[in-house]
Every structure is written in C-alpha cells, then in structure tokens.
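Before any comments, here is the structure.
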Amino acid sequence: MGENLALNLMDHGTPVAVWNLEYEWTERFVAAHPDATATRTLEELVRALPRPRRMLMMIKAGAPVDLTMAKLAPLCEPGDIVIDGGNSWFKDTQRREAEWRALGLNFVGMGVSGGAEGARNGPSMMPGGSPEAWKALEPALTSIAAKTSFGACVAYVGPDGAGHFVKMVHNGIEYADMQLIAEVYDVLRRALRWDAAKIADTFERWNQGPLDSYLLELSARVLRVLDGKSATSLVDKVLDVAGQKGTGKWSAQVALDLGVPIPTINAAIDARLISTLKTERDAAATLYPTPAGQPIDASLLDKIPPALYAAKLCSYAQGMALIAAGSREWKWSIDLKEMARIWTGGCIIRARLLEDVMRAFGRRPELPNLLVDEDVRRAVDAGQASLRALVNAAQAAAVPVPALSATLAYFDSYRTAELPTNLIQAQRDAFGAHTYQRNDVADAPFVHTEWLK
C-alpha cells in the first residue's frame, strides 16, 4: 500500500521522499524508481521534505504508530502534517490528534480503501483532522484519488477521529457485503449443485444490472481461477476459515455503545468467528448429519437478485445509521451524501447502489434511516418477498444464511409498529422493578407494578 501510494503521488507530480525501517526495502524501491529520494533515518526524511511537511505513515495500527509519532514529534515544526493511513482505532486517532494539536502540529487519521491496486491506480480516501490540514493536503490527495462521474473519491470527513471512524464502518459494511454474496454462493453451490464456473457466469450476468459492484465482480473472477494441481476451481480447495483484522469487531463494539442495531454486520462477524471452529464443526458434522431438507426449485434463481439488492440496501442503512450516530456523539458534522459519493470508486464496497444512497441523503441530509427514503423504500419493498423466499428456501434446504436471515429480521423489526418488547419490559419490572411506561398515555411517566403479588 505504501509503495503504491508513493508511486501514485509521483505519477501525479508530487515529489516523494521515502523511509522504511528496513533500509534495504528503501534501496530496492529507489533503485526501481530513481525519481524518489531515499532516506536512511527519520531525521533525513524530515530534512528532505519542504515545509510545511506532509508525511504519510502506512504502518501497522497500534503501538507502532505511537512509537513512530514519538520519534517524529521532536523533528517537526509548527504546521507540519503527519497522516496515519492505516486502519487505526478511531479513539487512538482522537488522542493522537489532540496531543499533536497541543504541540502546534497536525495529525490526520485517514482511512484508505481499495487495497494495493486501489493505492496504485486510485483509492477512496477518508481524511479526518483539522480543516487547515485538509486544505494543505487536498490538492495532492485529490490528484491520486479514484475518479468517477461524481468527482474525486476523497473528501474531508470531519475533526480528529472522524476519518478512521468512517473507514471502520466502511469495513463493517464490507464484511456484510462479502457475507451476503458468500451465502448466495452457498445456496447455488449446495442447494442447486452448481459448480464454480456456472456460479461465476451468473454473478457476471447479475453484475450487469442493479447489483453492479466491485465485490460481485471480484467474486466472479475468483470463481474462475483453476487450481494448478487438480484443474478444478481453486476456491473449492480454499480452507473455509476466514480471518479478520479487527475493524468489523470495532464496528460492532461501537454500535453497542451508541445503541445502533447493525445485525447484518454482526452476523457477518459471527460467521467468520464460527468458521474458525473448524475442528469442532468437522466433529459436529458427524453428530448431526445434514437433514434431507427440501430441494430448491430453480425458479428461485430469478428471486435472488432483488433479494440480494434489498439485503445490501439494508446493510448500508445500518452502516449509515452508525456513521450518523457517531457524528452526533462526537460532533463531527459528517456529510453522509459525501461519504456515499467517495465510495463510488476506488474502494472495496463501490457499487451502483451507492447512487441511491447519495440521492437519499442529498434529498434529506438528516434522514433517520436510509430505509425511509422513498426510492429506497420502493426498492426494498420490491425485493422483500424475494428475500423471504430466499431465506425460507435456504433454511428448508439446511443451508445456513445468517446474514440474509439477520437482514430480514432487521427489516421486519424496523417496519413493525409494535414489537414484543412490551413483554420484556413487564418481565424486567416483575423481577427487578425496572419500571415501564404505558402505551395508552401520551408522554407517560415510568411506573412500577407488583406483578407477582
């Protein structure tokens, strides 16, 4: 990522000096790209840069960032800017930004999405920090960002940790999107007995319509790769144990703290966690043989695209609600339309449906939930019957679809005027005197009843 961002900057006219802890890496880079300036130490790096200095760190989150900043701070002068382009915990970014601001220095926490390819050819970037730092960085960042018909895929997100917060939620949506696609793949593979090539054909066809997205395109390409050892699909040889780097978990933790339901994202995280129980799952498979289940009719195929589209909109609704809640909590004033816009290119979750998200928040910036926008409502309403059919068919065929199921439950809960939580409140009051409000009195006070006398 760091190397490719440096090359991208150089391609767009920004002179670059480079430093790496292992100098041989720096030597190799400069040997291949002699226009870059090699530096052996951080002191040399700082001296090589014009003021105000703009320094981009692409290092592992956590202690390495603090250690590098501690070494850089004495070398910097007022107005200098250091950017953390990794996936740092946004509260660490808040702390670091405050510490550097007290020194007269600028610290920017910037989410970068698009992987190595995006870094080289145009990523989506989410910088947070002071408006002054953004003004100094804007020309260079705009030059290297991905470009779509909606502009450059970079925008000022907000103060201190806002950029890393938005990137964290972006990654949570990414978890959900990947899991939803994987579950559809599993239905086609296990219930309809399709091979990887046929699924790839179908994904490619779907990707020509409203479901057009980088992740669906990527999935089709992955499914076409053959294993050199067996001449079968390579994906069929991949161990079914998924890793994660923490941003999804952070999204879940923050959502709980802020009281924002994100069940599709949570289901995707849980699916990765249960995948790590491979030995236990193998043993349980012998104890609980797969039930015969009901075969899935091929007519279900036409229902999957609208079902998947509705599910994806619901997962984006959850993510945008979490960003809005974080913005309110930390007074960041994040523009949700802009966040959707800068995700239309370069990033992992780029998708055509982001145009729907942009329009929704453009019409109503304070939209309480994406699902109540009229255009989104029509799209989800058109897909809800298909989503029910897909979830029912998968469950009847004993194919686990945790994210699709959680999405449907989220939708049904959100659209329901009366939930069974009245009983939960009565239970809480009965065993713990936690009180409740009556539903037949406006602005009713909290009261307690002796339920068990």
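Identifiers in the structure tokens: chain A, B, ... in order shown; residue index from 1 per chain; ligand index from 1 in order shown.
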Where does range 101-138 of chain A meet range 5-12 of chain A within 8 Å, residue by residue, with the nearest atom pair and distance in Å to one decimal for each, counting only C-alpha atoms, listed by chain and rising number, as a Markdown table?
| residue | atom | partner | partner_atom | distance |
| --- | --- | --- | --- | --- |
| A:Ala119 | CA | A:Leu5 | CA | 5.0 |
| A:Arg120 | CA | A:Asn8 | CA | 5.3 |
| A:Asn121 | CA | A:Asn8 | CA | 6.7 |
| A:Gly122 | CA | A:Asn8 | CA | 7.6 |
Any chance you could tabulate, as a tab-separated table, the residues of range 48-68 of chain A at most 12 Å from range 13-24 of chain A with each one's nearest atom pair and distance in Å to one decimal, using only C-alpha atoms, in chain and rising number order?
residue	atom	partner	partner_atom	distance
A:Ala48	CA	A:Ala17	CA	6.7
A:Leu49	CA	A:Ala17	CA	7.1
A:Pro50	CA	A:Pro15	CA	9.9
A:Arg53	CA	A:Ala17	CA	11.0
A:Arg54	CA	A:Val16	CA	10.0
A:Met55	CA	A:Ala17	CA	9.2
A:Leu56	CA	A:Val18	CA	9.6
A:Met57	CA	A:Trp19	CA	9.7
A:Met58	CA	A:Asn20	CA	10.0
A:Ile59	CA	A:Asn20	CA	9.8
A:Pro64	CA	A:Leu21	CA	11.1
A:Thr68	CA	A:Leu21	CA	10.2
Next, dump the selected residues to file, keeping only all heavy atoms, as a tab-separated table (two decimals), in the first residue's frame.
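The new file result-v4.tsv reads:
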chain	number	residue	atom	x	y	z
A	48	ALA	N	14.44	16.17	4.16
A	48	ALA	CA	14.26	16.08	2.71
A	48	ALA	C	12.96	16.70	2.22
A	48	ALA	O	12.79	16.90	1.03
A	48	ALA	CB	14.33	14.62	2.27
A	49	LEU	N	12.06	17.01	3.14
A	49	LEU	CA	10.73	17.48	2.74
A	49	LEU	C	10.61	18.99	2.87
A	49	LEU	O	11.09	19.58	3.83
A	49	LEU	CB	9.66	16.82	3.62
A	49	LEU	CG	9.55	15.29	3.51
A	49	LEU	CD1	8.58	14.76	4.57
A	49	LEU	CD2	9.09	14.88	2.12
A	50	PRO	N	9.94	19.63	1.91
A	50	PRO	CA	9.70	21.07	2.02
A	50	PRO	C	8.64	21.36	3.08
A	50	PRO	O	7.77	20.53	3.35
A	50	PRO	CB	9.20	21.45	0.62
A	50	PRO	CG	8.58	20.20	0.09
A	50	PRO	CD	9.40	19.07	0.66
A	53	ARG	N	5.73	20.27	6.04
A	53	ARG	CA	5.97	18.89	5.63
A	53	ARG	C	4.67	18.09	5.65
A	53	ARG	O	3.84	18.26	6.53
A	53	ARG	CB	7.01	18.26	6.55
A	53	ARG	CG	8.34	19.02	6.57
A	53	ARG	CD	9.28	18.44	7.60
A	53	ARG	NE	10.55	19.16	7.61
A	53	ARG	CZ	10.80	20.19	8.43
A	53	ARG	NH1	9.88	20.59	9.28
A	53	ARG	NH2	11.98	20.81	8.39
A	54	ARG	N	4.54	17.20	4.69
A	54	ARG	CA	3.40	16.29	4.62
A	54	ARG	C	3.96	14.87	4.62
A	54	ARG	O	4.60	14.46	3.66
A	54	ARG	CB	2.58	16.55	3.35
A	54	ARG	CG	1.98	17.96	3.30
A	54	ARG	CD	1.40	18.28	1.94
A	54	ARG	NE	2.42	18.30	0.90
A	54	ARG	CZ	2.16	18.46	-0.39
A	54	ARG	NH1	0.92	18.60	-0.81
A	54	ARG	NH2	3.13	18.47	-1.27
A	55	MET	N	3.71	14.15	5.70
A	55	MET	CA	4.28	12.81	5.87
A	55	MET	C	3.17	11.79	6.04
A	55	MET	O	2.29	11.95	6.88
A	55	MET	CB	5.21	12.79	7.09
A	55	MET	CG	6.46	13.63	6.90
A	55	MET	SD	7.39	13.92	8.44
A	55	MET	CE	6.47	15.30	9.12
A	56	LEU	N	3.21	10.74	5.24
A	56	LEU	CA	2.20	9.69	5.26
A	56	LEU	C	2.79	8.41	5.82
A	56	LEU	O	3.77	7.88	5.29
A	56	LEU	CB	1.66	9.45	3.85
A	56	LEU	CG	0.75	8.23	3.64
A	56	LEU	CD1	-0.53	8.36	4.46
A	56	LEU	CD2	0.41	8.06	2.16
A	57	MET	N	2.20	7.92	6.92
A	57	MET	CA	2.61	6.64	7.51
A	57	MET	C	1.66	5.54	7.02
A	57	MET	O	0.45	5.68	7.12
A	57	MET	CB	2.53	6.68	9.04
A	57	MET	CG	3.45	7.66	9.72
A	57	MET	SD	3.35	7.50	11.53
A	57	MET	CE	1.64	7.96	11.85
A	58	MET	N	2.24	4.46	6.53
A	58	MET	CA	1.46	3.27	6.21
A	58	MET	C	2.08	2.11	6.99
A	58	MET	O	2.90	1.35	6.49
A	58	MET	CB	1.48	2.99	4.70
A	58	MET	CG	0.81	4.06	3.86
A	58	MET	SD	-0.96	4.30	4.22
A	58	MET	CE	-1.64	2.72	3.71
A	59	ILE	N	1.72	2.04	8.27
A	59	ILE	CA	2.29	1.04	9.17
A	59	ILE	C	1.17	0.38	9.97
A	59	ILE	O	0.03	0.85	9.96
A	59	ILE	CB	3.34	1.65	10.12
A	59	ILE	CG1	2.72	2.78	10.95
A	59	ILE	CG2	4.53	2.18	9.33
A	59	ILE	CD1	3.70	3.42	11.92
A	64	PRO	N	3.00	0.58	17.01
A	64	PRO	CA	3.94	1.10	16.02
A	64	PRO	C	3.64	2.56	15.61
A	64	PRO	O	4.57	3.33	15.36
A	64	PRO	CB	3.77	0.15	14.83
A	64	PRO	CG	3.34	-1.14	15.44
A	64	PRO	CD	2.45	-0.73	16.58
A	68	THR	N	6.35	5.58	16.24
A	68	THR	CA	6.84	6.39	15.12
A	68	THR	C	6.53	7.87	15.35
A	68	THR	O	7.37	8.75	15.09
A	68	THR	CB	6.20	5.92	13.81
A	68	THR	OG1	6.47	4.52	13.64
A	68	THR	CG2	6.76	6.68	12.62
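If only C-alpha atoms are the atoms counted, then among A:Ala162, A:Ala417, A:Ala63, A:Val82 the closest residue to Ala133 in chain A is A:Val82.
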**From A:Leu42, A:Gly114, A:Pro210, A:Pro159, residue lying nearest Arg95 in chain A [only C-alpha atoms]** = A:Pro159
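The shortest atom-to-atom distance to Leu103 in chain A, with only C-alpha atoms taken into account, belongs to A:Cys76 out of A:Ile83, A:Ala200, A:Cys76, A:Val225.
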